[in-house]
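Here's the structure, in structure tokens; my notes come after.
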Amino acid sequence: MKKLNWRTIWTNVRLLLMFAVIVFLYSFTSKRNEERKIKKPIVEFLDEGSLFLTHESVNKLLIENNQERQTIGKVNLDLNKLEKSINEHNMVEKSEVFVSIDGVLKAVVKQKTPIARVFDENGSFYIDLEGNRMPLSDVNTARVLLVSGEIEEANSKDLYELLKVIYNDDFLKKNIIGIQVLHGGSVKMANRNFNYVIDFGKTINIEKKFNNYKAFFQKAVQDSSISKYKEINLKFTQQVVCTK
């Protein structure tokens with residue numbers, strides 16, 4: 001008769017006991033984690049430099065079903081619902097809501113990025129980096145170029161492409177401070193440091209026209225003639241026509 005290998009049996013028993021303990025601890029921890037009450041939420045903005053909504057306004061959106069946060073268990077918290085409510089805010093581009101292991105509710109928020117402020121007969125609003133309308137903020141005012149004139153749905157898409165090019169170019173972003181849309185969609189611009197008007201014409205050949213303008217600006221600054229001009233005409237892509 002073969003003898004039992006008690007050492008092997010004992011090793012197997014110990015492994016089973018260890019496995020049982022691990023399962024018990026995991027279940028116990030998971031249960032406690034689910035029943036843990038939500039602590040005071042933390043709101044983090046990805047861009048703290050220029051806030052257009054407050055931490056308090058996001059905190060209000062994090063209160064689910066008008067209940068006190070401290071009475072809500074983690075297992076009962078609908079994170080998708082909270083995230084959706086924040087994303088629907090007209091100042092928010094996107095957000096992420098989650099709960100840490102110790103029960104802290106956290107929202108990481110990315111605001112919309114305004115690239116221009118429009119003035120029309122109905123009031124004023126921003127255009128964001130995605131080309132959508134963004135309302136003005138009671139908290140902060142964005143330092144962006146100003147747009148006025150005859151802005152219609154027919155020319156709004158081309159206007160947005162123009163604004164996006166200006167915003168993404170360091171020189172143009174600092175140099176161009178205002179745009180006036182004329183009847184028919186032609187555009188005139190104001191610059192920051194000099195009195196001349198830029199007659200851009202239609203919002204076509206945008207890159208070519210701006211390259212011509214940069215070349216003109218660099219030369220005119222070098223020969224100190226830039227302050228003599230009253231109008232810089234960029235309508236013709238082959239040349240820049242200047243009026244003194």
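Lettering and numbering for the structure tokens are positional, with chains as A, B, ... in the shown order, residues counted from 1 in each chain, and ligands counted from 1 in the shown order.
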Which residues are close to stretch 82-99 of chain A, i.e. within 10 Å by only C-alpha atoms, leaving aside same-chain residues fewer than 5 positions away? Reply as a ChimeraX atom specification.
/A:38-39,41-46,51-53,57-64,74,77,104-114,128-130,133-137
Could you write out the selected residues, including N, CA, C and O atoms, as a compact mmCIF listing (two decimals), in the first residue's frame?
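Final file, selection_11.txt:
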```
# COMPACT_ATOMS: atom_id res chain seq x y z
N ILE A 38 -20.08 58.76 -0.54
CA ILE A 38 -19.31 59.67 -1.37
C ILE A 38 -18.86 60.88 -0.54
O ILE A 38 -19.64 61.50 0.17
N LYS A 39 -17.59 61.19 -0.63
CA LYS A 39 -17.04 62.34 0.06
C LYS A 39 -17.22 63.60 -0.80
O LYS A 39 -17.70 63.55 -1.93
N PRO A 41 -16.92 66.30 -3.39
CA PRO A 41 -16.32 66.13 -4.72
C PRO A 41 -15.17 67.11 -4.98
O PRO A 41 -15.08 68.17 -4.37
N ILE A 42 -14.33 66.71 -5.91
CA ILE A 42 -13.22 67.55 -6.36
C ILE A 42 -13.42 67.82 -7.84
O ILE A 42 -13.65 66.90 -8.62
N VAL A 43 -13.32 69.09 -8.22
CA VAL A 43 -13.45 69.49 -9.63
C VAL A 43 -12.09 69.98 -10.11
O VAL A 43 -11.49 70.85 -9.48
N GLU A 44 -11.62 69.40 -11.19
CA GLU A 44 -10.33 69.79 -11.76
C GLU A 44 -10.53 70.24 -13.20
O GLU A 44 -11.11 69.52 -14.01
N PHE A 45 -10.07 71.45 -13.52
CA PHE A 45 -10.12 71.95 -14.89
C PHE A 45 -8.77 71.71 -15.56
O PHE A 45 -7.73 71.96 -14.97
N LEU A 46 -8.81 71.23 -16.79
CA LEU A 46 -7.57 70.95 -17.50
C LEU A 46 -6.82 72.24 -17.84
O LEU A 46 -5.61 72.23 -17.98
N LEU A 51 -10.82 80.49 -16.60
CA LEU A 51 -12.02 79.71 -16.33
C LEU A 51 -13.27 80.49 -16.74
O LEU A 51 -13.41 81.66 -16.41
N PHE A 52 -14.16 79.82 -17.44
CA PHE A 52 -15.42 80.43 -17.86
C PHE A 52 -16.61 79.89 -17.08
O PHE A 52 -17.73 80.34 -17.29
N LEU A 53 -16.38 78.94 -16.21
CA LEU A 53 -17.38 78.48 -15.26
C LEU A 53 -16.68 78.14 -13.95
O LEU A 53 -15.48 77.89 -13.93
N SER A 57 -20.33 75.68 -9.85
CA SER A 57 -21.34 75.34 -10.84
C SER A 57 -21.23 73.89 -11.27
O SER A 57 -22.24 73.22 -11.54
N VAL A 58 -20.00 73.37 -11.34
CA VAL A 58 -19.83 71.95 -11.67
C VAL A 58 -20.25 71.08 -10.48
O VAL A 58 -20.85 70.01 -10.66
N ASN A 59 -19.95 71.53 -9.27
CA ASN A 59 -20.37 70.79 -8.08
C ASN A 59 -21.88 70.56 -8.05
O ASN A 59 -22.37 69.49 -7.69
N LYS A 60 -22.62 71.59 -8.45
CA LYS A 60 -24.09 71.47 -8.46
C LYS A 60 -24.54 70.38 -9.42
O LYS A 60 -25.51 69.66 -9.16
N LEU A 61 -23.84 70.28 -10.54
CA LEU A 61 -24.19 69.26 -11.53
C LEU A 61 -23.86 67.85 -11.04
O LEU A 61 -24.41 66.87 -11.55
N LEU A 62 -22.97 67.77 -10.05
CA LEU A 62 -22.58 66.46 -9.54
C LEU A 62 -23.55 65.91 -8.49
O LEU A 62 -23.41 64.78 -8.04
N ILE A 63 -24.54 66.70 -8.09
CA ILE A 63 -25.53 66.23 -7.12
C ILE A 63 -26.62 65.46 -7.88
O ILE A 63 -27.36 66.04 -8.68
N GLU A 64 -26.68 64.21 -7.63
CA GLU A 64 -27.61 63.35 -8.37
C GLU A 64 -28.97 63.29 -7.68
O GLU A 64 -29.08 63.04 -6.48
N LYS A 74 -21.44 54.40 -3.24
CA LYS A 74 -20.76 54.32 -4.53
C LYS A 74 -21.51 53.44 -5.52
O LYS A 74 -21.57 53.72 -6.70
N LEU A 77 -24.31 55.24 -7.41
CA LEU A 77 -23.97 56.46 -8.13
C LEU A 77 -23.90 56.20 -9.64
O LEU A 77 -23.20 55.30 -10.09
N VAL A 104 -13.82 59.52 -3.02
CA VAL A 104 -13.84 60.91 -3.46
C VAL A 104 -14.38 60.97 -4.89
O VAL A 104 -13.87 60.31 -5.79
N LEU A 105 -15.44 61.75 -5.06
CA LEU A 105 -16.03 61.94 -6.38
C LEU A 105 -15.24 63.04 -7.10
O LEU A 105 -15.11 64.16 -6.60
N LYS A 106 -14.72 62.73 -8.28
CA LYS A 106 -13.86 63.69 -8.99
C LYS A 106 -14.35 63.89 -10.42
O LYS A 106 -14.70 62.94 -11.10
N ALA A 107 -14.36 65.15 -10.83
CA ALA A 107 -14.72 65.49 -12.20
C ALA A 107 -13.56 66.25 -12.83
O ALA A 107 -13.10 67.26 -12.29
N VAL A 108 -13.08 65.74 -13.95
CA VAL A 108 -12.02 66.42 -14.72
C VAL A 108 -12.70 67.04 -15.94
O VAL A 108 -13.30 66.34 -16.75
N VAL A 109 -12.61 68.37 -16.03
CA VAL A 109 -13.40 69.11 -17.02
C VAL A 109 -12.50 69.84 -18.00
O VAL A 109 -11.55 70.51 -17.59
N LYS A 110 -12.82 69.71 -19.28
CA LYS A 110 -12.16 70.50 -20.33
C LYS A 110 -13.17 71.50 -20.86
O LYS A 110 -14.22 71.11 -21.37
N GLN A 111 -12.87 72.78 -20.73
CA GLN A 111 -13.77 73.81 -21.19
C GLN A 111 -13.69 73.96 -22.71
O GLN A 111 -12.72 73.54 -23.35
N LYS A 112 -14.72 74.59 -23.27
CA LYS A 112 -14.64 74.99 -24.67
C LYS A 112 -13.61 76.11 -24.81
O LYS A 112 -13.36 76.86 -23.87
N THR A 113 -13.03 76.21 -25.99
CA THR A 113 -12.00 77.22 -26.25
C THR A 113 -12.55 78.29 -27.19
O THR A 113 -12.76 78.02 -28.39
N PRO A 114 -12.82 79.49 -26.70
CA PRO A 114 -13.31 80.55 -27.60
C PRO A 114 -12.19 81.09 -28.47
O PRO A 114 -11.06 81.28 -28.01
N ASP A 128 -16.40 78.91 -30.69
CA ASP A 128 -15.35 78.09 -30.09
C ASP A 128 -14.50 77.42 -31.16
O ASP A 128 -14.73 77.58 -32.36
N LEU A 129 -13.52 76.66 -30.70
CA LEU A 129 -12.54 76.05 -31.60
C LEU A 129 -13.17 75.00 -32.52
O LEU A 129 -12.59 74.64 -33.54
N GLU A 130 -14.36 74.52 -32.17
CA GLU A 130 -15.06 73.54 -33.01
C GLU A 130 -16.02 74.21 -33.99
O GLU A 130 -16.71 73.53 -34.75
N ARG A 133 -21.34 77.92 -31.45
CA ARG A 133 -21.60 79.08 -30.59
C ARG A 133 -21.32 78.73 -29.14
O ARG A 133 -21.60 77.64 -28.68
N MET A 134 -20.78 79.70 -28.44
CA MET A 134 -20.48 79.55 -27.01
C MET A 134 -20.94 80.84 -26.33
O MET A 134 -20.54 81.93 -26.74
N PRO A 135 -21.79 80.75 -25.32
CA PRO A 135 -22.29 81.97 -24.67
C PRO A 135 -21.20 82.69 -23.89
O PRO A 135 -20.17 82.11 -23.56
N LEU A 136 -21.44 83.96 -23.61
CA LEU A 136 -20.52 84.71 -22.77
C LEU A 136 -20.57 84.18 -21.35
O LEU A 136 -21.56 83.59 -20.91
N SER A 137 -19.48 84.39 -20.63
CA SER A 137 -19.37 83.88 -19.27
C SER A 137 -19.53 85.03 -18.27
O SER A 137 -19.09 86.16 -18.52
```
If you run DSSP on the backbone, which residues of stretch 93-221 of chain A are alpha helix (DSSP H), as a PyMOL selection string?
chain A and resi 153-167+170-175+206-221
Filtering to C-alpha atoms, could you give me those residues as a tab-separated table (two decimals), in the first residue's frame?
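Ended up saving to again-v7.tsv:
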```tsv
chain	number	residue	atom	x	y	z
A	153	GLU	CA	-25.45	81.23	-42.18
A	154	ALA	CA	-24.28	81.21	-45.80
A	155	ASN	CA	-20.87	82.67	-44.91
A	156	SER	CA	-20.49	81.35	-41.35
A	157	LYS	CA	-18.56	78.21	-42.34
A	158	ASP	CA	-15.99	80.16	-44.40
A	159	LEU	CA	-15.71	82.71	-41.60
A	160	TYR	CA	-14.98	79.95	-39.11
A	161	GLU	CA	-12.19	78.58	-41.31
A	162	LEU	CA	-10.68	82.07	-41.41
A	163	LEU	CA	-10.93	82.46	-37.63
A	164	LYS	CA	-9.36	79.05	-37.06
A	165	VAL	CA	-6.36	79.92	-39.25
A	166	ILE	CA	-5.83	83.16	-37.32
A	167	TYR	CA	-6.16	81.45	-33.94
A	170	ASP	CA	1.01	82.93	-33.38
A	171	PHE	CA	1.73	86.00	-35.54
A	172	LEU	CA	-1.82	86.44	-36.83
A	173	LYS	CA	-3.32	85.79	-33.40
A	174	LYS	CA	-1.32	88.70	-31.96
A	175	ASN	CA	-1.62	90.96	-34.99
A	206	ILE	CA	-6.72	82.14	-47.03
A	207	GLU	CA	-3.25	80.65	-46.58
A	208	LYS	CA	-1.86	82.39	-49.68
A	209	LYS	CA	-3.24	85.78	-48.68
A	210	PHE	CA	-1.87	85.53	-45.16
A	211	ASN	CA	1.53	84.44	-46.44
A	212	ASN	CA	1.56	87.55	-48.64
A	213	TYR	CA	0.59	89.69	-45.65
A	214	LYS	CA	3.37	88.25	-43.48
A	215	ALA	CA	5.94	88.92	-46.20
A	216	PHE	CA	4.69	92.49	-46.60
A	217	PHE	CA	4.67	93.08	-42.85
A	218	GLN	CA	8.22	91.85	-42.38
A	219	LYS	CA	9.57	94.03	-45.20
A	220	ALA	CA	7.58	97.12	-44.16
A	221	VAL	CA	8.78	96.84	-40.57
```
List as an MDAnalysis selection string the protein and nucleic acid residues near A:Tyr229, meaning an atom at most 8 Å away when only C-alpha atoms are counted, but skip any in the same chain fewer than 3 places from it.
chainID A and resid 195:196 225:226 232 242:244
I need the chosen residues saved as a compact mmCIF listing (two decimals), in the first residue's frame, with N, CA, C and O atoms.
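New file result-v5.txt:
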```txt
# COMPACT_ATOMS: atom_id res chain seq x y z
N ASN A 195 -2.47 101.77 -37.88
CA ASN A 195 -3.78 102.31 -38.22
C ASN A 195 -4.34 101.82 -39.55
O ASN A 195 -5.44 102.19 -39.93
N TYR A 196 -3.57 101.06 -40.30
CA TYR A 196 -4.07 100.63 -41.61
C TYR A 196 -5.15 99.55 -41.48
O TYR A 196 -5.24 98.82 -40.51
N SER A 225 8.48 101.60 -43.15
CA SER A 225 7.44 102.24 -43.95
C SER A 225 6.02 101.85 -43.52
O SER A 225 5.04 102.40 -44.04
N ILE A 226 5.91 100.94 -42.57
CA ILE A 226 4.61 100.35 -42.27
C ILE A 226 3.62 101.36 -41.71
O ILE A 226 2.41 101.27 -41.94
N ILE A 232 -4.10 97.93 -46.65
CA ILE A 232 -3.34 96.82 -47.24
C ILE A 232 -4.34 95.91 -47.92
O ILE A 232 -5.19 95.30 -47.26
N CYS A 242 -0.84 98.35 -51.63
CA CYS A 242 -0.85 99.20 -50.44
C CYS A 242 -1.25 100.63 -50.82
O CYS A 242 -0.84 101.14 -51.85
N THR A 243 -2.05 101.24 -49.96
CA THR A 243 -2.48 102.62 -50.15
C THR A 243 -1.97 103.47 -49.00
O THR A 243 -2.20 103.15 -47.83
N LYS A 244 -1.32 104.59 -49.35
CA LYS A 244 -0.79 105.49 -48.34
C LYS A 244 -1.78 106.61 -48.06
O LYS A 244 -2.61 106.95 -48.89
```
How far is it from atom CA of A:Leu146 to atom CA of A:Gln239, in Å with one decimal?
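Straight-line distance from atom CA of A:Leu146 to atom CA of A:Gln239 works out to 26.9 Å.
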Strand (DSSP E) residues, from DSSP on the backbone, in stretch 84-116 of chain A, as an MDAnalysis selection string
chainID A and resid 92:99 104:111 114:116
Can those selected residues be exported to a file as a PDB file, in the first residue's frame so that it contains N, CA and C atoms?
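The result, stored in selection_12.pdb:
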```pdb
ATOM      1  N   VAL A  92     -18.766  73.563 -21.562  1.00  0.00           N
ATOM      2  CA  VAL A  92     -17.931  72.369 -21.412  1.00  0.00           C
ATOM      3  C   VAL A  92     -17.773  71.655 -22.748  1.00  0.00           C
ATOM      4  N   GLU A  93     -16.520  71.320 -23.066  1.00  0.00           N
ATOM      5  CA  GLU A  93     -16.242  70.523 -24.260  1.00  0.00           C
ATOM      6  C   GLU A  93     -16.392  69.035 -23.960  1.00  0.00           C
ATOM      7  N   LYS A  94     -15.786  68.596 -22.869  1.00  0.00           N
ATOM      8  CA  LYS A  94     -15.932  67.205 -22.450  1.00  0.00           C
ATOM      9  C   LYS A  94     -15.511  67.084 -20.990  1.00  0.00           C
ATOM     10  N   SER A  95     -15.903  65.982 -20.365  1.00  0.00           N
ATOM     11  CA  SER A  95     -15.545  65.767 -18.960  1.00  0.00           C
ATOM     12  C   SER A  95     -15.412  64.277 -18.684  1.00  0.00           C
ATOM     13  N   GLU A  96     -14.775  63.975 -17.568  1.00  0.00           N
ATOM     14  CA  GLU A  96     -14.659  62.595 -17.092  1.00  0.00           C
ATOM     15  C   GLU A  96     -14.965  62.594 -15.592  1.00  0.00           C
ATOM     16  N   VAL A  97     -15.894  61.746 -15.181  1.00  0.00           N
ATOM     17  CA  VAL A  97     -16.299  61.669 -13.780  1.00  0.00           C
ATOM     18  C   VAL A  97     -16.004  60.267 -13.258  1.00  0.00           C
ATOM     19  N   PHE A  98     -15.365  60.191 -12.095  1.00  0.00           N
ATOM     20  CA  PHE A  98     -15.051  58.892 -11.514  1.00  0.00           C
ATOM     21  C   PHE A  98     -14.964  59.034  -9.997  1.00  0.00           C
ATOM     22  N   VAL A  99     -14.932  57.878  -9.324  1.00  0.00           N
ATOM     23  CA  VAL A  99     -14.844  57.828  -7.861  1.00  0.00           C
ATOM     24  C   VAL A  99     -13.563  57.099  -7.493  1.00  0.00           C
ATOM     25  N   VAL A 104     -13.823  59.524  -3.021  1.00  0.00           N
ATOM     26  CA  VAL A 104     -13.835  60.912  -3.464  1.00  0.00           C
ATOM     27  C   VAL A 104     -14.382  60.971  -4.889  1.00  0.00           C
ATOM     28  N   LEU A 105     -15.441  61.747  -5.063  1.00  0.00           N
ATOM     29  CA  LEU A 105     -16.026  61.941  -6.383  1.00  0.00           C
ATOM     30  C   LEU A 105     -15.241  63.043  -7.103  1.00  0.00           C
ATOM     31  N   LYS A 106     -14.717  62.735  -8.279  1.00  0.00           N
ATOM     32  CA  LYS A 106     -13.865  63.686  -8.986  1.00  0.00           C
ATOM     33  C   LYS A 106     -14.349  63.890 -10.416  1.00  0.00           C
ATOM     34  N   ALA A 107     -14.364  65.147 -10.829  1.00  0.00           N
ATOM     35  CA  ALA A 107     -14.718  65.489 -12.203  1.00  0.00           C
ATOM     36  C   ALA A 107     -13.558  66.251 -12.835  1.00  0.00           C
ATOM     37  N   VAL A 108     -13.079  65.745 -13.951  1.00  0.00           N
ATOM     38  CA  VAL A 108     -12.025  66.420 -14.716  1.00  0.00           C
ATOM     39  C   VAL A 108     -12.704  67.042 -15.936  1.00  0.00           C
ATOM     40  N   VAL A 109     -12.610  68.370 -16.032  1.00  0.00           N
ATOM     41  CA  VAL A 109     -13.402  69.106 -17.016  1.00  0.00           C
ATOM     42  C   VAL A 109     -12.496  69.841 -17.997  1.00  0.00           C
ATOM     43  N   LYS A 110     -12.815  69.710 -19.275  1.00  0.00           N
ATOM     44  CA  LYS A 110     -12.157  70.503 -20.325  1.00  0.00           C
ATOM     45  C   LYS A 110     -13.169  71.499 -20.858  1.00  0.00           C
ATOM     46  N   GLN A 111     -12.865  72.779 -20.727  1.00  0.00           N
ATOM     47  CA  GLN A 111     -13.768  73.810 -21.191  1.00  0.00           C
ATOM     48  C   GLN A 111     -13.686  73.964 -22.713  1.00  0.00           C
ATOM     49  N   PRO A 114     -12.822  79.489 -26.704  1.00  0.00           N
ATOM     50  CA  PRO A 114     -13.310  80.554 -27.595  1.00  0.00           C
ATOM     51  C   PRO A 114     -12.186  81.089 -28.470  1.00  0.00           C
ATOM     52  N   ILE A 115     -12.486  81.331 -29.747  1.00  0.00           N
ATOM     53  CA  ILE A 115     -11.467  81.869 -30.658  1.00  0.00           C
ATOM     54  C   ILE A 115     -11.866  83.233 -31.210  1.00  0.00           C
ATOM     55  N   ALA A 116     -13.120  83.622 -31.032  1.00  0.00           N
ATOM     56  CA  ALA A 116     -13.567  84.937 -31.499  1.00  0.00           C
ATOM     57  C   ALA A 116     -14.856  85.311 -30.766  1.00  0.00           C
TER      58      ALA A 116
END
```
Interatomic distance (Å, one decimal) between atom CA of A:Gly185 and atom CA of A:Glu150:
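Pair atom CA of A:Gly185 / atom CA of A:Glu150 returns 7.6 Å.
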Distance atom CA of A:Val144-atom CA of A:Arg117, one decimal place?
6.5 Å
